[in-house]
>>> print(open('structure.cif').read())   # mmCIF, C-alpha atoms
data_model
#
loop_
_atom_site.label_atom_id
_atom_site.label_comp_id
_atom_site.auth_asym_id
_atom_site.auth_seq_id
_atom_site.Cartn_x
_atom_site.Cartn_y
_atom_site.Cartn_z
CA MET V 16 -233.48 -171.02 129.12
CA GLY V 17 -234.52 -171.54 132.73
CA HIS V 18 -234.45 -169.15 135.69
CA ASP V 19 -237.28 -167.13 134.06
CA PHE V 20 -238.74 -166.09 137.37
CA PHE V 21 -238.40 -163.14 139.69
CA GLN V 22 -235.46 -163.64 142.00
CA PRO V 23 -235.73 -161.85 145.37
CA GLU V 24 -232.08 -160.82 145.24
CA GLY V 25 -232.75 -159.17 141.87
CA ALA V 26 -234.69 -156.45 143.64
CA LEU V 27 -231.58 -155.61 145.65
CA MET V 28 -228.88 -156.02 143.01
CA LYS V 29 -228.39 -152.94 140.85
CA VAL V 30 -227.51 -152.99 137.17
CA VAL V 31 -224.85 -150.52 135.99
CA ILE V 32 -224.87 -149.86 132.24
CA LEU V 33 -221.98 -147.98 130.61
CA CYS V 34 -223.61 -145.53 128.17
CA GLY V 35 -221.03 -142.77 127.78
CA GLY V 36 -218.80 -143.71 124.84
CA ARG V 37 -218.68 -141.88 121.52
CA GLY V 38 -219.26 -144.84 119.21
CA THR V 39 -216.79 -143.49 116.67
CA ARG V 40 -217.02 -146.51 114.37
CA LEU V 41 -220.71 -145.69 113.92
CA HIS V 42 -220.13 -141.99 113.39
CA GLU V 43 -222.78 -141.71 110.69
CA GLU V 44 -225.38 -142.86 113.26
CA THR V 45 -223.89 -141.40 116.46
CA GLU V 46 -223.21 -137.84 115.35
CA TYR V 47 -226.49 -136.69 116.92
CA ARG V 48 -227.21 -139.40 119.50
CA PRO V 49 -225.22 -141.79 121.70
CA LYS V 50 -224.79 -145.37 120.53
CA PRO V 51 -227.05 -146.87 123.23
CA MET V 52 -229.91 -144.87 121.69
CA LEU V 53 -229.54 -146.38 118.21
CA PRO V 54 -232.77 -148.26 117.56
CA ILE V 55 -233.37 -151.94 117.08
CA GLY V 56 -236.89 -151.85 115.71
CA ASP V 57 -238.67 -148.96 117.40
CA ARG V 58 -236.72 -149.03 120.69
CA PRO V 59 -233.09 -148.16 121.53
CA ILE V 60 -230.62 -151.01 121.96
CA LEU V 61 -230.32 -149.79 125.56
CA TRP V 62 -233.99 -150.67 126.11
CA HIS V 63 -233.39 -154.20 124.75
CA ILE V 64 -230.51 -154.68 127.19
CA MET V 65 -232.61 -153.45 130.09
CA LYS V 66 -235.50 -155.73 129.08
CA LEU V 67 -233.16 -158.73 129.32
CA TYR V 68 -232.20 -157.85 132.90
CA ALA V 69 -235.77 -156.95 133.87
CA HIS V 70 -236.99 -160.31 132.56
CA TYR V 71 -235.05 -161.92 135.39
CA GLY V 72 -236.19 -159.42 138.02
CA PHE V 73 -233.20 -157.09 137.90
CA ASN V 74 -234.90 -153.74 137.28
CA ASP V 75 -232.94 -151.16 139.29
CA PHE V 76 -230.66 -149.49 136.75
CA ILE V 77 -227.81 -146.99 136.96
CA LEU V 78 -226.99 -145.48 133.57
CA CYS V 79 -223.50 -143.97 133.26
CA LEU V 80 -224.05 -141.04 130.90
CA GLY V 81 -221.38 -139.21 128.93
CA TYR V 82 -221.40 -138.35 125.23
CA LYS V 83 -224.81 -136.81 124.38
CA GLY V 84 -226.19 -138.10 127.67
CA ASP V 85 -229.02 -135.55 127.45
CA VAL V 86 -230.61 -137.71 124.73
CA ILE V 87 -230.81 -140.68 127.12
CA ARG V 88 -231.97 -138.42 129.95
CA HIS V 89 -234.77 -136.99 127.80
CA TYR V 90 -235.88 -140.46 126.70
CA PHE V 91 -236.40 -141.76 130.23
CA GLN V 92 -237.74 -138.53 131.71
CA ASN V 93 -240.43 -138.58 129.00
CA TYR V 94 -240.74 -142.36 128.68
CA LEU V 95 -244.53 -142.59 128.89
CA ALA V 96 -245.08 -139.77 126.41
CA ILE V 97 -242.58 -141.28 123.98
CA THR V 98 -243.81 -144.88 124.14
CA SER V 99 -247.59 -144.46 124.59
CA ASP V 100 -250.55 -143.15 122.66
CA ILE V 101 -251.74 -140.06 124.54
CA THR V 102 -254.69 -137.68 124.56
CA LEU V 103 -254.16 -134.16 125.84
CA GLY V 104 -255.94 -130.84 125.88
CA LEU V 105 -254.20 -127.71 124.71
CA LYS V 106 -255.41 -125.39 127.43
CA HIS V 107 -253.28 -124.66 130.48
CA ASP V 108 -252.99 -127.49 133.02
CA SER V 109 -255.07 -129.92 130.94
CA PRO V 110 -254.49 -133.51 132.07
CA ILE V 111 -252.68 -136.00 129.86
CA HIS V 112 -254.30 -139.41 129.36
CA TYR V 113 -252.02 -142.34 128.54
CA HIS V 114 -253.85 -145.04 126.62
CA SER V 115 -251.59 -147.97 127.49
CA ARG V 116 -249.83 -149.14 130.61
CA SER V 117 -246.08 -149.52 130.37
CA THR V 118 -244.72 -153.00 131.08
CA GLU V 119 -241.63 -151.18 132.36
CA GLU V 120 -243.44 -149.24 135.08
CA ASN V 121 -241.61 -151.15 137.84
CA TRP V 122 -238.21 -150.05 136.53
CA LYS V 123 -236.11 -147.65 138.57
CA VAL V 124 -233.56 -145.69 136.52
CA THR V 125 -230.76 -143.54 137.95
CA LEU V 126 -229.34 -141.18 135.30
CA ALA V 127 -225.77 -140.35 136.34
CA ASN V 128 -223.59 -137.86 134.50
CA THR V 129 -220.15 -139.49 134.53
CA GLY V 130 -218.35 -137.03 132.25
CA GLU V 131 -217.89 -136.49 128.55
CA GLU V 132 -214.35 -137.91 128.30
CA THR V 133 -214.23 -140.29 131.28
CA LEU V 134 -213.10 -143.85 130.51
CA THR V 135 -214.90 -146.96 131.71
CA ALA V 136 -213.16 -147.42 135.09
CA GLY V 137 -213.79 -143.77 135.91
CA ARG V 138 -217.46 -144.03 134.97
CA LEU V 139 -217.81 -147.01 137.29
CA LYS V 140 -216.06 -145.19 140.13
CA ARG V 141 -218.30 -142.14 139.72
CA VAL V 142 -221.46 -144.19 140.37
CA GLU V 143 -220.01 -146.01 143.39
CA LYS V 144 -222.16 -143.80 145.65
CA TYR V 145 -225.31 -145.28 144.10
CA LEU V 146 -224.32 -148.88 144.75
CA ASP V 147 -225.47 -150.74 147.84
CA GLY V 148 -225.12 -154.27 149.06
CA ASP V 149 -221.97 -156.22 148.25
CA THR V 150 -222.73 -157.26 144.65
CA PHE V 151 -223.95 -155.54 141.50
CA LEU V 152 -224.37 -156.28 137.80
CA MET V 153 -222.72 -154.35 134.98
CA THR V 154 -222.71 -154.33 131.20
CA TYR V 155 -222.17 -152.16 128.14
CA GLY V 156 -224.88 -150.18 126.37
CA ASP V 157 -224.18 -151.58 122.92
CA GLY V 158 -224.41 -155.38 122.94
CA VAL V 159 -227.17 -157.97 123.22
CA GLY V 160 -227.33 -161.70 123.82
CA ASP V 161 -229.50 -164.46 125.25
CA ILE V 162 -227.44 -164.37 128.43
CA ASP V 163 -228.76 -166.39 131.38
CA ILE V 164 -228.26 -163.61 133.93
CA PRO V 165 -229.24 -165.66 137.02
CA ALA V 166 -226.74 -168.36 135.96
CA THR V 167 -223.97 -165.75 135.94
CA VAL V 168 -225.04 -164.68 139.44
CA ASP V 169 -225.12 -168.29 140.65
CA LEU V 170 -221.60 -168.92 139.33
CA HIS V 171 -220.32 -165.71 140.87
CA LYS V 172 -221.72 -166.57 144.29
CA SER V 173 -220.43 -170.14 144.20
CA SER V 174 -216.93 -169.07 143.13
CA GLY V 175 -216.42 -166.49 145.84
CA LYS V 176 -214.38 -164.37 143.42
CA GLU V 177 -214.60 -160.61 143.06
CA LEU V 178 -215.63 -160.40 139.41
CA THR V 179 -217.40 -162.71 136.97
CA LEU V 180 -217.54 -161.78 133.31
CA THR V 181 -219.49 -163.47 130.56
CA ALA V 182 -217.06 -165.05 128.12
CA VAL V 183 -218.31 -165.45 124.54
CA HIS V 184 -216.98 -166.68 121.22
CA PRO V 185 -216.08 -163.63 119.14
CA PRO V 186 -217.64 -162.46 115.91
CA GLY V 187 -214.09 -161.02 115.57
CA ARG V 188 -211.89 -158.06 116.50
CA PHE V 189 -211.94 -158.44 120.30
CA GLY V 190 -209.72 -159.40 123.23
CA GLU V 191 -208.92 -162.94 124.29
CA LEU V 192 -209.23 -164.77 127.60
CA ARG V 193 -207.17 -167.80 128.64
CA PHE V 194 -208.84 -170.21 131.06
CA ASP V 195 -206.92 -172.07 133.76
CA GLY V 196 -208.97 -175.13 134.58
CA LYS V 197 -212.74 -175.07 134.03
CA ASP V 198 -213.82 -171.52 134.84
CA SER V 199 -210.96 -169.56 136.39
CA ILE V 200 -209.45 -166.94 134.08
CA ALA V 201 -205.64 -167.00 134.15
CA SER V 202 -204.98 -164.03 131.89
CA PHE V 203 -206.74 -161.21 130.08
CA ASN V 204 -205.36 -159.67 126.88
CA GLU V 205 -207.33 -156.86 125.25
CA LYS V 206 -207.55 -157.13 121.44
CA PRO V 207 -204.62 -159.43 120.60
CA GLN V 208 -203.56 -160.30 117.06
CA VAL V 209 -205.03 -163.79 117.27
CA GLU V 210 -208.82 -163.55 117.11
CA GLU V 211 -209.98 -166.91 118.42
CA GLY V 212 -211.16 -168.61 121.60
CA TRP V 213 -213.10 -166.69 124.24
CA ILE V 214 -213.50 -162.93 124.66
CA ASN V 215 -215.02 -160.56 127.19
CA GLY V 216 -218.71 -160.21 126.34
CA GLY V 217 -219.50 -157.97 129.31
CA PHE V 218 -222.53 -158.89 131.45
CA PHE V 219 -220.47 -158.77 134.64
CA VAL V 220 -221.33 -159.73 138.19
CA ALA V 221 -219.09 -157.78 140.54
CA SER V 222 -218.25 -157.27 144.17
CA THR V 223 -218.32 -153.65 145.26
CA LYS V 224 -214.71 -154.27 146.39
CA VAL V 225 -213.76 -154.00 142.71
CA VAL V 226 -215.01 -150.40 142.61
CA ALA V 227 -213.59 -149.48 146.00
CA ARG V 228 -210.14 -150.46 144.76
CA LEU V 229 -210.25 -148.07 141.78
CA GLN V 230 -208.31 -144.84 142.40
CA ASN V 231 -207.61 -141.81 140.17
CA CYS V 232 -209.22 -143.67 137.32
CA ASP V 233 -210.95 -141.17 135.00
CA ASP V 234 -208.29 -141.97 132.37
CA LEU V 235 -208.32 -145.71 132.99
CA MET V 236 -210.04 -148.41 130.93
CA PHE V 237 -211.67 -150.97 133.22
CA GLU V 238 -210.90 -153.60 130.58
CA GLN V 239 -207.16 -153.12 130.90
CA GLN V 240 -205.25 -152.89 134.22
CA PRO V 241 -208.21 -153.58 136.58
CA LEU V 242 -209.19 -156.81 134.80
CA GLN V 243 -205.57 -157.85 134.36
CA ASP V 244 -204.93 -157.32 138.07
CA LEU V 245 -208.02 -159.34 139.01
CA ALA V 246 -206.83 -162.21 136.80
CA LYS V 247 -203.33 -162.11 138.35
CA ARG V 248 -204.83 -162.27 141.85
CA GLY V 249 -207.08 -165.20 140.88
CA GLN V 250 -210.20 -163.08 141.42
CA LEU V 251 -211.58 -163.10 137.84
CA GLN V 252 -214.22 -165.70 136.99
CA GLY V 253 -215.61 -166.54 133.56
CA TYR V 254 -219.14 -167.66 132.76
CA GLN V 255 -218.89 -169.41 129.39
CA HIS V 256 -221.86 -168.39 127.25
CA ARG V 257 -222.30 -170.55 124.17
CA GLY V 258 -225.46 -168.92 122.91
CA PHE V 259 -226.08 -165.75 120.93
CA TRP V 260 -224.05 -162.60 121.56
CA GLN V 261 -223.61 -159.64 119.25
CA PRO V 262 -222.17 -156.15 119.79
CA MET V 263 -223.24 -153.20 117.68
CA ASP V 264 -219.90 -151.64 116.78
CA THR V 265 -220.30 -151.20 113.03
CA TYR V 266 -223.02 -150.19 110.62
CA GLN V 267 -223.15 -153.77 109.34
CA GLU V 268 -223.84 -155.04 112.87
CA TYR V 269 -226.50 -152.35 113.32
CA VAL V 270 -228.21 -153.59 110.14
CA LEU V 271 -227.85 -157.23 111.23
CA LEU V 272 -229.52 -156.69 114.60
CA ASN V 273 -232.39 -154.79 113.01
CA LYS V 274 -232.84 -157.53 110.42
CA LEU V 275 -233.03 -160.21 113.12
CA TRP V 276 -235.56 -158.13 115.05
CA SER V 277 -237.77 -157.35 112.05
CA GLN V 278 -237.84 -161.02 111.02
CA GLY V 279 -238.84 -162.13 114.52
CA LYS V 280 -235.54 -164.03 114.88
CA ALA V 281 -233.94 -162.02 117.68
CA PRO V 282 -232.37 -164.59 120.06
CA TRP V 283 -231.93 -162.00 122.82
CA LYS V 284 -235.71 -161.46 123.07
CA VAL V 285 -236.33 -163.77 126.03
CA TRP V 286 -239.14 -161.66 127.49
#
>>> encode(input="structure.cif", output="structure tokens")
Amino acid sequence: MGHDFFQPEGALMKVVILCGGRGTRLHEETEYRPKPMLPIGDRPILWHIMKLYAHYGFNDFILCLGYKGDVIRHYFQNYLAITSDITLGLKHDSPIHYHSRSTEENWKVTLANTGEETLTAGRLKRVEKYLDGDTFLMTYGDGVGDIDIPATVDLHKSSGKELTLTAVHPPGRFGELRFDGKDSIASFNEKPQVEEGWINGGFFVASTKVVARLQNCDDLMFEQQPLQDLAKRGQLQGYQHRGFWQPMDTYQEYVLLNKLWSQGKAPWKVW
């Protein structure tokens, strides 16, 4: 895939992951836990997404929590105990011995409560205070792919535009992008009737100007007016990803991703 090395800018560029939705189409699995915590194998899909970013050196995460965010909070606050074999004594103040070192020990995770009912633009605005520098990465907590993250960053920097999204061919049911020229996105239509062409696959690279411009946005979907406005102003860039991409919106997709993982055929496992 290339670029499989630590990039110095990765240490400075934060990764925002939207983890607050209800996952209503997976109600049978999300009644007691948020969708990003649904497992692929023995780890949550959220962990798989974070491993992709960390593979390229982007390991400073901001998780936008909402629906059942305490489940995600508990997972990371107790990460070593959950993921390691441990030996402990039962008397007061006995030390705990962890038998394996975590390969994720260099991760930094900010757990931000962004509200139970807040929509995606509002969640992004609420973590603005944790962003620094002029560029950050962002994605959703329910989709995986063999995305070349450094290539999206390279395209974003070379374009000079405010937002770069990863455009993918749809498995179905999603919104459509229309390209003007090679990479510039001329329009953005969320979930049209015609399900063909390119769609928004997430995995954004964004200028902090995009967040600064959001106002009174708790009830605003980032995927609607903000993206449409960026396209109209010529500030929306598309990185065309022709490899694997798969969201986990339905039970069938949940089963599919687990099947790929169990068979050792998970294309998103680049680490």
>>> resolve_selection(input="structure.cif", expression="the PyMOL selection byres ((chain V and resi 153) around 12)", output="MDAnalysis selection string")
chainID V and resid 28:34 64:65 68 73 75:79 135:136 138:139 142 146 150:152 154:156 164 167:168 178:181 216:223 225:226 237
>>> closest_residue(input="structure.cif", among="V:Ile60, V:Leu41, V:Leu67, V:Val124", to="Pro165 of chain V", atoms="only C-alpha atoms")
V:Leu67
>>> residues_around(input="structure.cif", residues="segment 262-265 of chain V", least_positions_apart="6", cutoff="6 Å", atoms="only C-alpha atoms", output="PDB file with C-alpha atoms, in the coordinates of the input")
ATOM      1  CA  ARG V  40    -217.020-146.510 114.370  1.00  0.00           C
ATOM      2  CA  LEU V  41    -220.710-145.690 113.920  1.00  0.00           C
ATOM      3  CA  ASP V 157    -224.180-151.580 122.920  1.00  0.00           C
ATOM      4  CA  GLY V 158    -224.410-155.380 122.940  1.00  0.00           C
TER       5      GLY V 158
END
>>> atom_distance(input="structure.cif", atom1="atom CA of Asp163 of chain V", atom2="atom CA of His256 of chain V")
8.3 Å
>>> atom_distance(input="structure.cif", atom1="atom CA of Gly279 of chain V", atom2="atom CA of Ile55 of chain V")
11.8 Å
>>> closest_residue(input="structure.cif", among="V:Val183, V:Met52, V:Tyr254, V:Lys224", to="Lys197 of chain V", atoms="all atoms listed in the file")
V:Tyr254
>>> residues_near_point(input="structure.cif", point="(-227.6, -156.8, 113.6)", cutoff="12 Å", atoms="all atoms listed in the file", output="VMD selection string")
chain V and resid 53 to 56 60 157 to 160 186 259 to 278 280 to 283
>>> write_last_selection(input="structure.cif", atoms="C-alpha atoms", output="CSV table (one decimal), in the coordinates of the input")
chain,number,residue,atom,x,y,z
V,53,LEU,CA,-229.5,-146.4,118.2
V,54,PRO,CA,-232.8,-148.3,117.6
V,55,ILE,CA,-233.4,-151.9,117.1
V,56,GLY,CA,-236.9,-151.8,115.7
V,60,ILE,CA,-230.6,-151.0,122.0
V,157,ASP,CA,-224.2,-151.6,122.9
V,158,GLY,CA,-224.4,-155.4,122.9
V,159,VAL,CA,-227.2,-158.0,123.2
V,160,GLY,CA,-227.3,-161.7,123.8
V,186,PRO,CA,-217.6,-162.5,115.9
V,259,PHE,CA,-226.1,-165.8,120.9
V,260,TRP,CA,-224.0,-162.6,121.6
V,261,GLN,CA,-223.6,-159.6,119.2
V,262,PRO,CA,-222.2,-156.2,119.8
V,263,MET,CA,-223.2,-153.2,117.7
V,264,ASP,CA,-219.9,-151.6,116.8
V,265,THR,CA,-220.3,-151.2,113.0
V,266,TYR,CA,-223.0,-150.2,110.6
V,267,GLN,CA,-223.2,-153.8,109.3
V,268,GLU,CA,-223.8,-155.0,112.9
V,269,TYR,CA,-226.5,-152.4,113.3
V,270,VAL,CA,-228.2,-153.6,110.1
V,271,LEU,CA,-227.8,-157.2,111.2
V,272,LEU,CA,-229.5,-156.7,114.6
V,273,ASN,CA,-232.4,-154.8,113.0
V,274,LYS,CA,-232.8,-157.5,110.4
V,275,LEU,CA,-233.0,-160.2,113.1
V,276,TRP,CA,-235.6,-158.1,115.0
V,277,SER,CA,-237.8,-157.4,112.0
V,278,GLN,CA,-237.8,-161.0,111.0
V,280,LYS,CA,-235.5,-164.0,114.9
V,281,ALA,CA,-233.9,-162.0,117.7
V,282,PRO,CA,-232.4,-164.6,120.1
V,283,TRP,CA,-231.9,-162.0,122.8
>>> closest_residue(input="structure.cif", among="V:Lys50, V:Lys176, V:Arg116, V:Arg257", to="Tyr82 of chain V", atoms="all atoms listed in the file")
V:Lys50
>>> atom_distance(input="structure.cif", atom1="atom CA of Gly212 of chain V", atom2="atom CA of Leu251 of chain V")
17.2 Å
>>> resolve_selection(input="structure.cif", expression="the PyMOL selection byres ((chain V and resi 95) around 10)", output="list in words")
Tyr90, Phe91, Gln92, Asn93, Tyr94, Ala96, Ile97, Thr98, Ser99, Asp100, Ile101, Tyr113, His114, Ser115, Arg116, Ser117, Glu119 and Glu120 of chain V
>>> resolve_selection(input="structure.cif", expression="the PyMOL selection byres ((chain V and resi 37) around 9)", output="list in words")
Gly35, Gly36, Gly38, Thr39, Arg40, Leu41, His42, Thr45, Glu46, Pro49, Lys50, Gly81, Tyr82, Lys83, Glu131 and Glu132 of chain V
>>> closest_residue(input="structure.cif", among="V:Asp198, V:Thr129, V:Leu170, V:Ser109", to="Ala246 of chain V", atoms="only C-alpha atoms")
V:Asp198
>>> axis_aligned_box(input="structure.cif", around="segment 80-94 of chain V", padding_each_side="8 Å", output="lines of an AutoDock Vina configuration file")
center_x = -231.1
center_y = -139.0
center_z = 128.0
size_x = 35.4
size_y = 22.8
size_z = 23.3
>>> closest_residue(input="structure.cif", among="V:Asp244, V:Thr118, V:Ser173, V:His89", to="Ala69 of chain V", atoms="all atoms listed in the file")
V:Thr118
